[in-house]
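Student: The structure file work.pdb (PDB, C-alpha atoms, pLDDT in the B column) is provided below.
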```pdb
ATOM      1  CA  MET A  10     -35.445  76.174-168.111  1.00 59.00           C
ATOM      2  CA  LYS A  11     -37.995  76.006-170.906  1.00 71.00           C
ATOM      3  CA  LYS A  12     -41.349  77.715-170.431  1.00 77.00           C
ATOM      4  CA  SER A  13     -44.675  76.075-171.151  1.00 89.00           C
ATOM      5  CA  LYS A  14     -46.679  77.266-174.159  1.00 91.00           C
ATOM      6  CA  LEU A  15     -49.105  78.965-171.790  1.00 94.00           C
ATOM      7  CA  GLU A  16     -46.294  80.849-170.029  1.00 93.00           C
ATOM      8  CA  ALA A  17     -44.755  81.831-173.372  1.00 91.00           C
ATOM      9  CA  ALA A  18     -48.129  83.138-174.604  1.00 94.00           C
ATOM     10  CA  GLU A  19     -48.587  85.150-171.405  1.00 96.00           C
ATOM     11  CA  THR A  20     -45.082  86.601-171.752  1.00 95.00           C
ATOM     12  CA  ARG A  21     -45.828  87.565-175.356  1.00 96.00           C
ATOM     13  CA  ARG A  22     -49.073  89.294-174.290  1.00 96.00           C
ATOM     14  CA  ARG A  23     -47.151  91.183-171.597  1.00 97.00           C
ATOM     15  CA  ILE A  24     -44.562  92.327-174.135  1.00 97.00           C
ATOM     16  CA  VAL A  25     -47.268  93.504-176.566  1.00 97.00           C
ATOM     17  CA  LYS A  26     -49.191  95.360-173.846  1.00 96.00           C
ATOM     18  CA  THR A  27     -45.998  96.979-172.573  1.00 97.00           C
ATOM     19  CA  ALA A  28     -44.913  97.914-176.099  1.00 96.00           C
ATOM     20  CA  ALA A  29     -48.292  99.535-176.798  1.00 95.00           C
ATOM     21  CA  ALA A  30     -47.832 101.726-173.731  1.00 95.00           C
ATOM     22  CA  GLU A  31     -44.150 102.510-174.398  1.00 96.00           C
ATOM     23  CA  PHE A  32     -44.735 103.367-178.067  1.00 95.00           C
ATOM     24  CA  ARG A  33     -47.575 105.733-177.139  1.00 92.00           C
ATOM     25  CA  ARG A  34     -45.517 107.285-174.327  1.00 94.00           C
ATOM     26  CA  ASN A  35     -42.232 107.803-176.226  1.00 94.00           C
ATOM     27  CA  GLY A  36     -42.934 107.182-179.909  1.00 93.00           C
ATOM     28  CA  ILE A  37     -42.116 104.176-182.053  1.00 94.00           C
ATOM     29  CA  HIS A  38     -38.715 105.323-183.250  1.00 94.00           C
ATOM     30  CA  ALA A  39     -37.594 106.633-179.847  1.00 95.00           C
ATOM     31  CA  THR A  40     -38.466 103.340-178.132  1.00 96.00           C
ATOM     32  CA  GLY A  41     -35.888 100.611-178.509  1.00 96.00           C
ATOM     33  CA  LEU A  42     -36.488  96.917-178.038  1.00 96.00           C
ATOM     34  CA  SER A  43     -34.362  96.981-174.898  1.00 96.00           C
ATOM     35  CA  ASP A  44     -36.657  99.718-173.510  1.00 96.00           C
ATOM     36  CA  VAL A  45     -39.755  97.591-174.148  1.00 97.00           C
ATOM     37  CA  MET A  46     -38.245  94.446-172.721  1.00 97.00           C
ATOM     38  CA  ALA A  47     -36.947  96.228-169.607  1.00 97.00           C
ATOM     39  CA  ALA A  48     -40.368  97.820-169.017  1.00 97.00           C
ATOM     40  CA  ALA A  49     -41.888  94.332-169.326  1.00 97.00           C
ATOM     41  CA  GLY A  50     -39.401  93.035-166.749  1.00 96.00           C
ATOM     42  CA  LEU A  51     -37.518  90.908-169.271  1.00 95.00           C
ATOM     43  CA  THR A  52     -34.097  90.884-170.864  1.00 93.00           C
ATOM     44  CA  HIS A  53     -33.480  92.094-174.392  1.00 90.00           C
ATOM     45  CA  GLY A  54     -32.170  88.674-175.398  1.00 89.00           C
ATOM     46  CA  GLY A  55     -35.581  87.036-175.138  1.00 90.00           C
ATOM     47  CA  PHE A  56     -37.251  89.310-177.674  1.00 95.00           C
ATOM     48  CA  TYR A  57     -36.557  87.194-180.756  1.00 93.00           C
ATOM     49  CA  ARG A  58     -38.090  84.103-179.156  1.00 93.00           C
ATOM     50  CA  HIS A  59     -41.421  85.906-179.428  1.00 95.00           C
ATOM     51  CA  PHE A  60     -41.136  88.191-182.478  1.00 96.00           C
ATOM     52  CA  ASP A  61     -39.318  88.233-185.805  1.00 95.00           C
ATOM     53  CA  SER A  62     -38.771  91.994-185.800  1.00 94.00           C
ATOM     54  CA  LYS A  63     -39.620  95.296-184.167  1.00 95.00           C
ATOM     55  CA  ASP A  64     -42.081  95.923-187.010  1.00 93.00           C
ATOM     56  CA  GLN A  65     -43.998  92.784-186.054  1.00 95.00           C
ATOM     57  CA  LEU A  66     -44.158  94.005-182.447  1.00 96.00           C
ATOM     58  CA  VAL A  67     -45.258  97.479-183.554  1.00 95.00           C
ATOM     59  CA  ALA A  68     -48.091  96.005-185.628  1.00 93.00           C
ATOM     60  CA  GLU A  69     -49.296  93.807-182.766  1.00 94.00           C
ATOM     61  CA  ALA A  70     -48.930  96.618-180.225  1.00 94.00           C
ATOM     62  CA  CYS A  71     -50.963  98.951-182.444  1.00 91.00           C
ATOM     63  CA  ALA A  72     -53.718  96.361-182.770  1.00 90.00           C
ATOM     64  CA  ALA A  73     -53.724  95.862-178.992  1.00 90.00           C
ATOM     65  CA  ALA A  74     -53.877  99.630-178.358  1.00 89.00           C
ATOM     66  CA  VAL A  75     -56.805 100.050-180.746  1.00 86.00           C
ATOM     67  CA  GLU A  76     -58.624  97.138-179.124  1.00 86.00           C
ATOM     68  CA  SER A  77     -58.005  98.504-175.633  1.00 82.00           C
ATOM     69  CA  ASN A  78     -59.243 101.980-176.544  1.00 79.00           C
ATOM     70  CA  GLY A  79     -62.258 100.447-178.277  1.00 76.00           C
ATOM     71  CA  GLU A  80     -63.144  98.505-175.140  1.00 79.00           C
ATOM     72  CA  THR A  81     -62.891 101.687-173.075  1.00 78.00           C
ATOM     73  CA  THR A  82     -65.128 103.537-175.519  1.00 78.00           C
ATOM     74  CA  GLU A  83     -67.688 100.726-175.525  1.00 81.00           C
ATOM     75  CA  ALA A  84     -67.705 100.623-171.736  1.00 81.00           C
ATOM     76  CA  LEU A  85     -68.367 104.372-171.585  1.00 79.00           C
ATOM     77  CA  ALA A  86     -71.199 104.167-174.102  1.00 79.00           C
ATOM     78  CA  CYS A  87     -72.883 100.908-173.121  1.00 82.00           C
ATOM     79  CA  ASP A  88     -75.016 102.303-170.298  1.00 78.00           C
ATOM     80  CA  ARG A  89     -75.902 105.546-172.059  1.00 80.00           C
ATOM     81  CA  ASP A  90     -77.968 106.575-175.044  1.00 79.00           C
ATOM     82  CA  GLY A  91     -77.312 108.980-177.880  1.00 78.00           C
ATOM     83  CA  ASN A  92     -75.823 112.297-176.871  1.00 82.00           C
ATOM     84  CA  ASP A  93     -75.104 111.095-173.315  1.00 84.00           C
ATOM     85  CA  ALA A  94     -72.859 108.372-174.716  1.00 83.00           C
ATOM     86  CA  LEU A  95     -71.143 110.807-177.041  1.00 84.00           C
ATOM     87  CA  GLU A  96     -70.611 113.279-174.201  1.00 86.00           C
ATOM     88  CA  ALA A  97     -69.082 110.566-171.974  1.00 84.00           C
ATOM     89  CA  ILE A  98     -66.678 109.495-174.717  1.00 82.00           C
ATOM     90  CA  VAL A  99     -65.620 113.038-175.624  1.00 84.00           C
ATOM     91  CA  THR A 100     -65.239 114.001-171.954  1.00 84.00           C
ATOM     92  CA  ARG A 101     -62.999 110.978-171.339  1.00 83.00           C
ATOM     93  CA  TYR A 102     -60.962 111.639-174.487  1.00 82.00           C
ATOM     94  CA  LEU A 103     -60.395 115.310-173.682  1.00 84.00           C
ATOM     95  CA  CYS A 104     -59.868 115.065-169.918  1.00 84.00           C
ATOM     96  CA  THR A 105     -56.517 116.093-168.439  1.00 87.00           C
ATOM     97  CA  ASP A 106     -55.853 112.566-167.169  1.00 84.00           C
ATOM     98  CA  SER A 107     -56.152 111.219-170.702  1.00 79.00           C
ATOM     99  CA  ARG A 108     -53.983 114.029-172.029  1.00 80.00           C
ATOM    100  CA  ASP A 109     -51.305 113.610-169.374  1.00 85.00           C
ATOM    101  CA  ASN A 110     -51.166 109.796-169.459  1.00 83.00           C
ATOM    102  CA  ARG A 111     -49.887 109.291-172.994  1.00 83.00           C
ATOM    103  CA  SER A 112     -49.157 105.600-172.441  1.00 83.00           C
ATOM    104  CA  GLU A 113     -52.895 104.902-172.306  1.00 82.00           C
ATOM    105  CA  GLY A 114     -54.019 107.584-174.725  1.00 79.00           C
ATOM    106  CA  CYS A 115     -55.262 107.521-178.279  1.00 82.00           C
ATOM    107  CA  LEU A 116     -52.925 105.642-180.593  1.00 82.00           C
ATOM    108  CA  PHE A 117     -53.720 107.927-183.523  1.00 82.00           C
ATOM    109  CA  ALA A 118     -53.203 111.184-181.636  1.00 81.00           C
ATOM    110  CA  GLY A 119     -49.942 109.939-180.162  1.00 83.00           C
ATOM    111  CA  LEU A 120     -48.442 108.099-183.108  1.00 85.00           C
ATOM    112  CA  GLY A 121     -50.320 109.239-186.214  1.00 83.00           C
ATOM    113  CA  SER A 122     -47.353 110.792-187.987  1.00 86.00           C
ATOM    114  CA  GLU A 123     -45.128 107.785-187.244  1.00 90.00           C
ATOM    115  CA  LEU A 124     -47.809 105.323-188.329  1.00 87.00           C
ATOM    116  CA  ALA A 125     -48.213 107.143-191.635  1.00 86.00           C
ATOM    117  CA  ARG A 126     -44.505 106.583-192.333  1.00 88.00           C
ATOM    118  CA  SER A 127     -44.403 102.963-191.190  1.00 89.00           C
ATOM    119  CA  ASP A 128     -44.273  99.854-193.342  1.00 88.00           C
ATOM    120  CA  ASP A 129     -47.319  98.503-195.179  1.00 90.00           C
ATOM    121  CA  LYS A 130     -48.284  95.974-192.502  1.00 88.00           C
ATOM    122  CA  ILE A 131     -48.233  98.538-189.698  1.00 88.00           C
ATOM    123  CA  ARG A 132     -50.193 101.061-191.778  1.00 88.00           C
ATOM    124  CA  ALA A 133     -52.742  98.365-192.626  1.00 88.00           C
ATOM    125  CA  VAL A 134     -53.229  97.513-188.941  1.00 86.00           C
ATOM    126  CA  ALA A 135     -53.562 101.197-188.030  1.00 85.00           C
ATOM    127  CA  THR A 136     -55.970 101.879-190.897  1.00 86.00           C
ATOM    128  CA  ALA A 137     -58.131  98.884-189.986  1.00 86.00           C
ATOM    129  CA  GLY A 138     -58.198 100.014-186.360  1.00 80.00           C
ATOM    130  CA  PHE A 139     -59.074 103.567-187.309  1.00 80.00           C
ATOM    131  CA  SER A 140     -61.769 102.423-189.704  1.00 79.00           C
ATOM    132  CA  SER A 141     -63.371 100.058-187.222  1.00 75.00           C
ATOM    133  CA  SER A 142     -63.329 102.550-184.362  1.00 67.00           C
ATOM    134  CA  TRP A 143     -64.660 105.516-186.309  1.00 60.00           C
ATOM    135  CA  MET A 144     -67.013 103.711-188.655  1.00 56.00           C
ATOM    136  CA  SER A 145     -68.720 101.765-185.877  1.00 54.00           C
ATOM    137  CA  SER A 146     -69.006 104.652-183.420  1.00 52.00           C
ATOM    138  CA  PRO A 147     -71.676 106.679-185.245  1.00 49.00           C
ATOM    139  CA  ASP A 148     -73.959 103.627-185.331  1.00 49.00           C
ATOM    140  CA  SER A 149     -74.139 103.498-181.575  1.00 49.00           C
ATOM    141  CA  ILE A 150     -73.677 107.142-180.656  1.00 52.00           C
ATOM    142  CA  GLY A 151     -76.126 109.937-181.164  1.00 51.00           C
ATOM    143  CA  GLY A 152     -78.637 107.878-183.150  1.00 51.00           C
ATOM    144  CA  ARG A 153     -77.263 108.913-186.537  1.00 50.00           C
ATOM    145  CA  SER A 154     -78.829 107.383-189.610  1.00 47.00           C
ATOM    146  CA  PRO A 155     -76.668 105.564-192.190  1.00 49.00           C
ATOM    147  CA  ARG A 156     -77.308 108.424-194.624  1.00 48.00           C
ATOM    148  CA  ARG A 157     -76.060 111.008-192.118  1.00 48.00           C
ATOM    149  CA  GLN A 158     -73.080 108.819-191.243  1.00 48.00           C
ATOM    150  CA  ARG A 159     -71.878 108.967-194.838  1.00 48.00           C
ATOM    151  CA  SER A 160     -71.859 112.756-194.658  1.00 47.00           C
ATOM    152  CA  GLU A 161     -69.798 112.827-191.451  1.00 48.00           C
ATOM    153  CA  PRO A 162     -66.228 114.084-191.973  1.00 45.00           C
ATOM    154  CA  TRP A 163     -64.567 110.857-190.814  1.00 42.00           C
ATOM    155  CA  SER A 164     -66.652 108.816-193.249  1.00 40.00           C
ATOM    156  CA  ARG A 165     -65.568 110.940-196.182  1.00 40.00           C
ATOM    157  CA  CYS A 166     -61.901 110.595-195.181  1.00 41.00           C
ATOM    158  CA  LEU A 167     -62.047 106.790-195.197  1.00 37.00           C
ATOM    159  CA  ARG A 168     -63.677 106.185-198.550  1.00 37.00           C
TER
END
```
Once more with this new file: its structure as structure tokens, please.
Tutor:
Amino acid sequence: MKKSKLEAAETRRRIVKTAAAEFRRNGIHATGLSDVMAAAGLTHGGFYRHFDSKDQLVAEACAAAVESNGETTEALACDRDGNDALEAIVTRYLCTDSRDNRSEGCLFAGLGSELARSDDKIRAVATAGFSSSWMSSPDSIGGRSPRRQRSEPWSRCLR
């Protein structure tokens, strides 16, 4: 039975969300397509109806993980100012729940070494996600001026 376009899109989103969690939990190379599909409640055979390759899934899963973590960070900071926002974000990042629940943790902490050795498209997605999350954060956290932002360590690394 053929699925509607809406159902197919929802299935694809579920696969991407599941892959983001599985890759962070187990690593990109240690997670097979059958592992992702089983965790999503699907059969391995349906994978290629949604994606051309594992690399395509990895790129989309990385983008989804960065977006999800960015939304969490924004939510923590939106009701706070300056150092209170920074403290909330750092506390959340360093808490034992965050440490112990790798499937929802920081993409870069969990997969940084694998991302660095991935293909160009995956590295580009990861770099864009890193740049957007770290370059936008100082604007809204701690009241740093643009001049001070440029002197921050993460700014120097991304030039």
Student: Ranking A:Ser127, A:Thr40, A:Ser13, A:Asn35 by minimum distance to Asp64 (chain A) and counting only C-alpha atoms, which one comes first?
Tutor: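 That would be A:Ser127, the residue with the smallest distance to Asp64 (chain A).
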Student: Give the answer as one residue: which of A:Asp44, A:Phe117, A:Leu51, A:Glu19 has the shortest atom-to-atom distance to Asn78 (chain A), using only C-alpha atoms?
Tutor: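 Residue with the minimum atom-to-atom distance to Asn78 (chain A): A:Phe117.
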Student: One decimal, in Å: what's the spacing between CA of Val25 (chain A) and CA of Ala48 (chain A)?
Tutor: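 Straight-line distance from CA of Val25 (chain A) to CA of Ala48 (chain A) works out to 11.1 Å.
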Student: Evaluated on this file, the PyMOL selection byres ((chain A and resi 119) around 12) picks out some residues - which ones are they, written as an MDAnalysis selection string?
Tutor: chainID A and resid 29:37 71 74 107:118 120:125
Student: So how many Å separate CA of Gly54 (chain A) and CA of Glu69 (chain A), to one decimal?
Tutor: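 Rounded to one decimal, the two atoms are 19.3 Å apart.
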Student: Set up a box along x, y and z of the file covering all listed atoms of region 122-127 of chain A, add 3 Å on every one of the six sides, and write the centre and edge lengths in Å to one decimal, as AutoDock Vina command-line options.
Tutor:
```
--center_x -46.3 --center_y 106.9 --center_z -189.8 --size_x 9.8 --size_y 13.8 --size_z 11.1
```
Student: If I take CA of Ala97 (chain A) and CA of Glu76 (chain A), how far is one from the other in Å, to one decimal?
Tutor: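 Separation between CA of Ala97 (chain A) and CA of Glu76 (chain A): 18.5 Å.
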Student: Using only C-alpha atoms, which residue out of A:Thr20, A:Val134, A:Asp88, A:Glu80 lies closest to Ala68 (chain A)?
Tutor: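 The shortest atom-to-atom distance to Ala68 (chain A) comes from A:Val134.
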